[in-house]
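Structure file upload.cif with mmCIF, C-alpha atoms and all ligand atoms:
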```
data_final
#
loop_
_atom_site.label_atom_id
_atom_site.label_comp_id
_atom_site.auth_asym_id
_atom_site.auth_seq_id
_atom_site.Cartn_x
_atom_site.Cartn_y
_atom_site.Cartn_z
CA LEU A 1 45.14 -32.26 -24.63
CA VAL A 2 46.55 -31.04 -27.89
CA GLY A 3 50.29 -31.35 -28.16
CA LEU A 4 50.82 -32.58 -24.65
CA HIS A 5 50.66 -36.30 -25.24
CA PHE A 6 53.19 -38.73 -24.01
CA ILE A 7 54.56 -40.82 -26.79
CA PRO A 8 53.66 -44.22 -25.43
CA VAL A 9 56.69 -46.44 -25.30
CA SER A 10 55.05 -49.80 -25.56
CA PHE A 11 56.22 -53.04 -26.98
CA SER A 12 52.82 -54.54 -27.42
CA LEU A 13 49.54 -53.02 -28.52
CA GLU A 14 48.33 -50.16 -26.40
CA ALA A 15 45.47 -47.66 -26.61
CA THR A 16 45.90 -44.30 -24.92
CA ILE A 17 43.46 -41.53 -24.16
CA GLY A 18 46.10 -39.00 -23.30
CA LYS A 19 47.69 -37.45 -20.28
CA LYS A 20 44.32 -36.96 -18.62
CA ASN A 21 41.46 -39.37 -19.07
CA THR A 22 38.79 -37.03 -17.74
CA ILE A 23 37.00 -34.84 -20.23
CA GLU A 24 34.58 -32.02 -19.55
CA ALA A 25 32.16 -30.55 -22.03
CA LEU A 26 29.37 -28.03 -21.88
CA ASN A 27 25.87 -29.25 -22.63
CA GLY A 28 25.05 -28.86 -26.29
CA THR A 29 28.63 -28.72 -27.52
CA ASP A 30 30.63 -31.26 -29.53
CA VAL A 31 33.36 -33.07 -27.65
CA LEU A 32 36.45 -34.85 -28.85
CA LEU A 33 37.03 -38.27 -27.32
CA PRO A 34 40.72 -38.70 -27.98
CA CYS A 35 42.48 -42.00 -28.51
CA THR A 36 45.67 -43.16 -30.14
CA PHE A 37 47.23 -46.58 -30.38
CA ALA A 38 50.78 -47.80 -30.53
CA THR A 39 52.55 -51.09 -31.00
CA CYS A 40 56.11 -52.07 -31.70
CA MET A 41 55.05 -55.31 -33.31
CA GLY A 42 53.55 -53.77 -36.41
CA PHE A 43 49.94 -54.33 -37.34
CA MET A 44 47.77 -55.71 -40.07
CA ASN A 45 43.99 -55.31 -40.29
CA LEU A 46 43.96 -53.61 -36.95
CA LYS A 47 40.46 -53.37 -35.56
CA PHE A 48 39.30 -50.59 -33.28
CA TRP A 49 35.98 -49.63 -31.78
CA TRP A 50 34.52 -47.23 -29.28
CA THR A 51 31.94 -48.15 -26.67
CA ARG A 52 29.84 -46.36 -24.12
CA GLU A 53 30.04 -48.17 -20.78
CA ASN A 54 26.93 -47.72 -18.70
CA ASN A 55 26.10 -49.81 -15.63
CA GLY A 56 27.62 -52.95 -17.04
CA THR A 57 26.13 -52.53 -20.49
CA SER A 58 28.36 -51.71 -23.38
CA THR A 59 27.03 -49.86 -26.42
CA LYS A 60 29.06 -49.69 -29.59
CA LEU A 61 29.52 -46.15 -30.93
CA PHE A 62 32.02 -46.62 -33.69
CA GLU A 63 33.91 -49.39 -35.43
CA GLY A 64 36.75 -49.16 -37.85
CA MET A 65 39.73 -50.92 -39.33
CA ILE A 66 43.18 -49.99 -40.57
CA ARG A 67 44.65 -52.50 -43.01
CA LYS A 68 48.24 -51.42 -42.62
CA LYS A 69 50.41 -48.52 -41.56
CA ASP A 70 49.61 -45.22 -43.33
CA ASP A 71 46.36 -46.61 -44.74
CA ASP A 72 43.11 -44.71 -44.32
CA VAL A 73 40.64 -45.85 -41.73
CA ILE A 74 37.85 -48.02 -43.06
CA GLN A 75 34.72 -47.00 -41.24
CA GLN A 76 32.53 -49.98 -40.47
CA ASP A 77 29.89 -48.84 -38.05
CA LYS A 78 28.82 -45.56 -36.55
CA ALA A 79 26.19 -44.43 -34.07
CA ASP A 80 24.19 -41.20 -34.28
CA ARG A 81 26.02 -38.08 -33.17
CA ILE A 82 29.38 -39.79 -33.68
CA GLU A 83 31.95 -38.56 -36.14
CA PHE A 84 35.37 -40.04 -36.77
CA ALA A 85 38.04 -37.47 -35.96
CA GLY A 86 41.29 -39.36 -36.26
CA GLY A 87 42.80 -40.89 -39.31
CA LYS A 88 46.22 -39.34 -39.22
CA GLY A 89 48.74 -42.00 -38.30
CA ASN A 90 47.55 -43.78 -35.18
CA ASN A 91 44.83 -41.30 -34.23
CA ILE A 92 41.49 -43.05 -33.69
CA SER A 93 39.65 -40.25 -31.90
CA ILE A 94 35.94 -39.64 -32.33
CA ILE A 95 33.69 -36.65 -31.81
CA LEU A 96 30.46 -36.93 -29.87
CA LYS A 97 28.18 -34.21 -31.14
CA ALA A 98 25.73 -32.09 -29.16
CA VAL A 99 26.40 -33.69 -25.80
CA ASP A 100 23.61 -33.94 -23.26
CA PHE A 101 23.73 -34.59 -19.54
CA GLU A 102 22.94 -38.27 -20.10
CA ASP A 103 26.18 -38.55 -22.05
CA THR A 104 28.12 -38.21 -18.80
CA GLY A 105 29.93 -41.50 -18.27
CA LYS A 106 32.65 -43.83 -19.43
CA TYR A 107 33.81 -44.23 -23.02
CA ALA A 108 36.21 -46.95 -23.99
CA CYS A 109 38.51 -47.03 -26.98
CA HIS A 110 39.41 -50.62 -27.97
CA VAL A 111 42.08 -51.91 -30.30
CA LEU A 112 42.74 -55.41 -31.56
CA ASN A 113 45.77 -56.49 -33.56
CA PRO A 114 45.63 -59.77 -35.48
CA LEU A 115 49.42 -59.61 -35.87
CA GLU A 116 49.70 -59.95 -32.11
CA LYS A 117 47.48 -63.02 -31.87
CA ASN A 118 44.40 -60.80 -31.62
CA LEU A 119 45.79 -58.99 -28.64
CA GLU A 120 43.31 -56.45 -27.32
CA HIS A 121 43.79 -53.31 -25.32
CA GLU A 122 41.47 -50.56 -24.23
CA ALA A 123 41.62 -47.10 -22.73
CA VAL A 124 38.77 -45.41 -20.89
CA ALA A 125 37.80 -41.75 -21.00
CA VAL A 126 35.44 -40.32 -18.41
CA LEU A 127 33.17 -37.62 -19.78
CA THR A 128 31.38 -35.09 -17.61
CA VAL A 129 28.74 -32.88 -19.19
CA LEU A 130 28.33 -29.55 -17.48
CA SER A 131 25.60 -26.97 -17.76
CA GLU A 132 27.25 -23.65 -17.20
CA PHE A 133 30.52 -21.93 -16.73
CA PHE A 134 30.22 -22.06 -12.97
CA ASP A 135 29.51 -25.77 -12.96
CA LYS A 136 33.08 -26.28 -14.01
CA PRO A 137 35.25 -27.68 -11.26
CA LEU A 138 37.50 -25.07 -9.75
CA SER A 139 40.56 -26.69 -11.27
CA THR A 140 39.49 -25.66 -14.76
CA VAL A 141 37.98 -22.31 -13.80
CA SER A 142 40.61 -21.25 -11.34
CA GLN A 143 43.10 -20.41 -14.03
CA ASP A 144 40.82 -17.66 -15.35
CA TYR A 145 40.18 -16.52 -11.82
CA TRP A 146 43.84 -16.51 -11.05
CA TYR A 147 44.45 -14.30 -14.03
CA ILE A 148 41.79 -11.89 -12.78
CA ILE A 149 43.00 -12.09 -9.19
CA SER A 150 46.62 -11.74 -10.11
CA PHE A 151 45.80 -8.95 -12.55
CA ASN A 152 43.78 -7.07 -9.97
CA GLY A 153 46.27 -8.05 -7.31
CA GLY A 154 48.97 -6.68 -9.55
CA LEU A 155 47.04 -3.45 -10.02
CA ILE A 156 46.42 -3.10 -6.29
CA GLY A 157 50.05 -3.96 -5.60
CA LEU A 158 51.17 -1.41 -8.16
CA THR A 159 48.84 1.23 -6.71
CA ILE A 160 50.17 0.52 -3.22
CA LEU A 161 53.71 0.62 -4.53
CA ILE A 162 53.05 3.95 -6.24
CA MET A 163 51.38 5.30 -3.10
CA VAL A 164 54.21 4.08 -0.89
CA THR A 165 56.82 5.37 -3.32
CA LYS A 166 55.01 8.70 -3.44
CA LYS A 167 54.87 8.79 0.36
CA VAL A 168 58.55 7.90 0.60
CA ILE A 169 59.51 10.51 -1.96
CA ILE A 170 57.35 13.13 -0.24
CA PHE A 171 58.88 12.10 3.09
CA ILE A 172 62.40 12.37 1.68
CA MET A 173 61.59 15.71 0.07
CA LYS A 174 60.03 16.93 3.30
CA LYS A 175 63.06 15.75 5.24
CA ALA A 176 65.33 17.44 2.72
CA ARG A 177 63.31 20.59 3.01
CA GLU A 178 63.33 20.29 6.79
CA LYS A 179 67.08 19.75 6.66
CA LYS A 180 67.37 22.90 4.61
CA LYS A 181 65.08 24.67 7.06
CA GLU A 182 67.06 23.16 9.93
CA CYS A 183 70.22 24.44 8.33
CA LEU A 184 68.58 27.79 7.91
CA VAL A 185 67.27 27.69 11.46
CA SER A 186 70.56 26.50 12.89
CA SER A 187 72.46 28.98 10.86
CA SER A 188 70.13 31.64 11.98
CA GLY A 189 70.42 30.06 15.38
CA ASN A 190 74.13 30.36 15.10
CA ASP A 191 73.54 33.92 14.30
CA ASN A 192 71.58 34.21 17.50
CA THR A 193 74.18 32.56 19.73
CA GLU A 194 74.98 35.85 21.17
CA ASN A 195 71.42 36.14 22.35
CA GLY A 196 71.60 32.68 23.86
CA LEU A 197 68.38 31.64 22.19
CA SER A 198 69.25 28.48 20.38
CA GLY A 199 72.94 28.37 20.71
CA SER A 200 72.92 25.97 23.64
CA LYS A 201 74.79 23.45 21.51
CA VAL A 202 77.57 25.81 20.99
CA ASP A 203 79.86 25.47 23.92
CA PRO A 204 79.72 28.89 25.49
CA LYS A 205 82.98 28.25 27.29
CA GLY A 206 84.75 27.00 24.22
CA SER A 207 83.77 29.61 21.78
CA PRO A 208 84.75 32.76 23.54
CA LYS A 209 88.39 33.37 23.16
CA ALA A 210 89.96 32.91 26.48
C1 LIG B 1 21.24 -28.54 -22.83
O1 LIG B 1 21.42 -28.44 -24.21
C2 LIG B 1 20.24 -28.64 -24.98
C3 LIG B 1 20.62 -28.61 -26.44
O2 LIG B 1 21.45 -27.52 -26.74
C4 LIG B 1 19.22 -27.57 -24.62
O3 LIG B 1 18.02 -27.78 -25.31
C5 LIG B 1 18.95 -27.61 -23.13
O4 LIG B 1 18.12 -26.54 -22.76
C6 LIG B 1 20.25 -27.50 -22.36
N1 LIG B 1 19.98 -27.67 -20.95
C7 LIG B 1 20.57 -26.90 -20.01
C8 LIG B 1 20.13 -27.16 -18.60
O5 LIG B 1 21.40 -26.05 -20.27
C1 LIG B 2 43.67 -36.66 -33.15
O1 LIG B 2 42.83 -35.94 -34.04
C2 LIG B 2 42.07 -34.91 -33.43
C3 LIG B 2 41.13 -34.34 -34.46
O2 LIG B 2 41.76 -34.09 -35.68
C4 LIG B 2 42.99 -33.89 -32.86
O3 LIG B 2 42.25 -32.86 -32.23
C5 LIG B 2 43.89 -34.55 -31.83
O4 LIG B 2 44.82 -33.63 -31.33
C6 LIG B 2 44.63 -35.71 -32.48
N1 LIG B 2 45.37 -36.41 -31.43
C7 LIG B 2 46.68 -36.64 -31.52
C8 LIG B 2 47.29 -37.35 -30.38
O5 LIG B 2 47.33 -36.29 -32.48
#
```

For the structure just supplied, provide its representation as structure tokens.
Amino acid sequence: LVGLHFIPVSFSLEATIGKKNTIEALNGTDVLLPCTFATCMGFMNLKFWWTRENNGTSTKLFEGMIRKKDDDVIQQDKADRIEFAGGKGNNISIILKAVDFEDTGKYACHVLNPLEKNLEHEAVAVLTVLSEFFDKPLSTVSQDYWYIISFNGGLIGLTILIMVTKKVIIFIMKKAREKKKECLVSSSGNDNTENGLSGSKVDPKGSPKA
């Protein structure tokens, strides 16, 4: 997620989770729930809050306010295991600490701008808490696997290439040697033309001076 955000081009207030709104975390770890907001209308006393959405019930996790641009966030309410992680510019991310399997679900980041007639917007992140490395969906694991596969594949490919190259070189050398031998044989054969042993190629009618 870091560094790969779209800069939201919005005229009115908008909250954004990021490029991907699905988040995966291992059980027991801390997870960043990212959110930024943007508006071209300017803001004053902007309110924002995070909620956990669970079967139609909404639980507030964090509440804050930013009086004006470049001001620090005023923290107003905070649930256990929640830590504010934003603060820089329009970053209103939070950290959910020591995630458990029950934390799997939807998290919404809300913003409200009084300067835009209390216009509200929200963005939803979907968190999945996983138990082990191999619980990870293939999409996130595959990269590691691909490295291993491609690395090993590369090694195997290289070994094959070396073997083939070796074979080819040996073949060429053998052929060269055979050629030499052939030359030797044929030359010796030429020497034996008189005996008619291997001199069949030499036209017997042509060679003797008529
Ligand atoms: C999940 O994490 C908690 C806290 O770290 C731990 O006590 C528990 O054993 C973990 N459960 C699994 C299935 O990994
Ligand atoms: C928001 O802040 C968090 C924590 O400091 C950081 O990891 C994240 O990259 C920031 N998001 C953006 C869009 O700058």

Residues of chain A that approach ligand LIG 2 (chain B) to 6 Å or less, counting only C-alpha atoms and all ligand atoms: could you list each one with the shortest pair of atoms and its distance in Å to one decimal, rows by chain and increasing residue number, as a Markdown table?
```
| residue | atom | partner | partner_atom | distance |
| --- | --- | --- | --- | --- |
| A:Val2 | CA | B:LIG2 | O4 | 4.6 |
| A:Ala85 | CA | B:LIG2 | C3 | 4.6 |
| A:Gly86 | CA | B:LIG2 | O1 | 4.4 |
| A:Asn91 | CA | B:LIG2 | C1 | 4.9 |
| A:Ser93 | CA | B:LIG2 | C1 | 5.5 |
```

> Asp30 (chain A): which residues within 6 Å, counting all atoms listed in the file, same-chain residues fewer than 2 positions away excluded, as a list in words?
Replying inline: Leu96, Lys97 and Ala98 of chain A

Contacts of Pro34 (chain A) within 10 Å, all atoms listed in the file, excl. fewer than 3 positions in-chain, as a CSV table (one decimal) with C-alpha atoms, in the coordinates of the input:
```csv
chain,number,residue,atom,x,y,z
A,1,LEU,CA,45.1,-32.3,-24.6
A,2,VAL,CA,46.6,-31.0,-27.9
A,16,THR,CA,45.9,-44.3,-24.9
A,17,ILE,CA,43.5,-41.5,-24.2
A,18,GLY,CA,46.1,-39.0,-23.3
A,21,ASN,CA,41.5,-39.4,-19.1
A,23,ILE,CA,37.0,-34.8,-20.2
A,31,VAL,CA,33.4,-33.1,-27.6
A,85,ALA,CA,38.0,-37.5,-36.0
A,86,GLY,CA,41.3,-39.4,-36.3
A,91,ASN,CA,44.8,-41.3,-34.2
A,92,ILE,CA,41.5,-43.0,-33.7
A,93,SER,CA,39.6,-40.2,-31.9
A,94,ILE,CA,35.9,-39.6,-32.3
A,95,ILE,CA,33.7,-36.6,-31.8
A,109,CYS,CA,38.5,-47.0,-27.0
A,123,ALA,CA,41.6,-47.1,-22.7
A,124,VAL,CA,38.8,-45.4,-20.9
A,125,ALA,CA,37.8,-41.8,-21.0
```

> Please, which residues have at least one atom within 6 Å of an atom of ligand LIG 1 (chain B), using all atoms listed in the file, listed as number ranges by chain?
Replying inline: A: 27-28, 100, 131

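For the atom pair formed by CA of His121 (chain A) and CA of Phe48 (chain A), the distance is 9.5 Å, given to one decimal.
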
>> So that I can check the surroundings of Leu127 (chain A), please list as an MDAnalysis selection string every protein, DNA and RNA residue that reaches within 10 Å of it, counting all atoms listed in the file and ignoring chain neighbours fewer than 4 positions away.
In response: chainID A and resid 21:25 31 33 99 101 103:107

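CA of Trp49 (chain A) is found 11.0 Å from CA of Ala15 (chain A).
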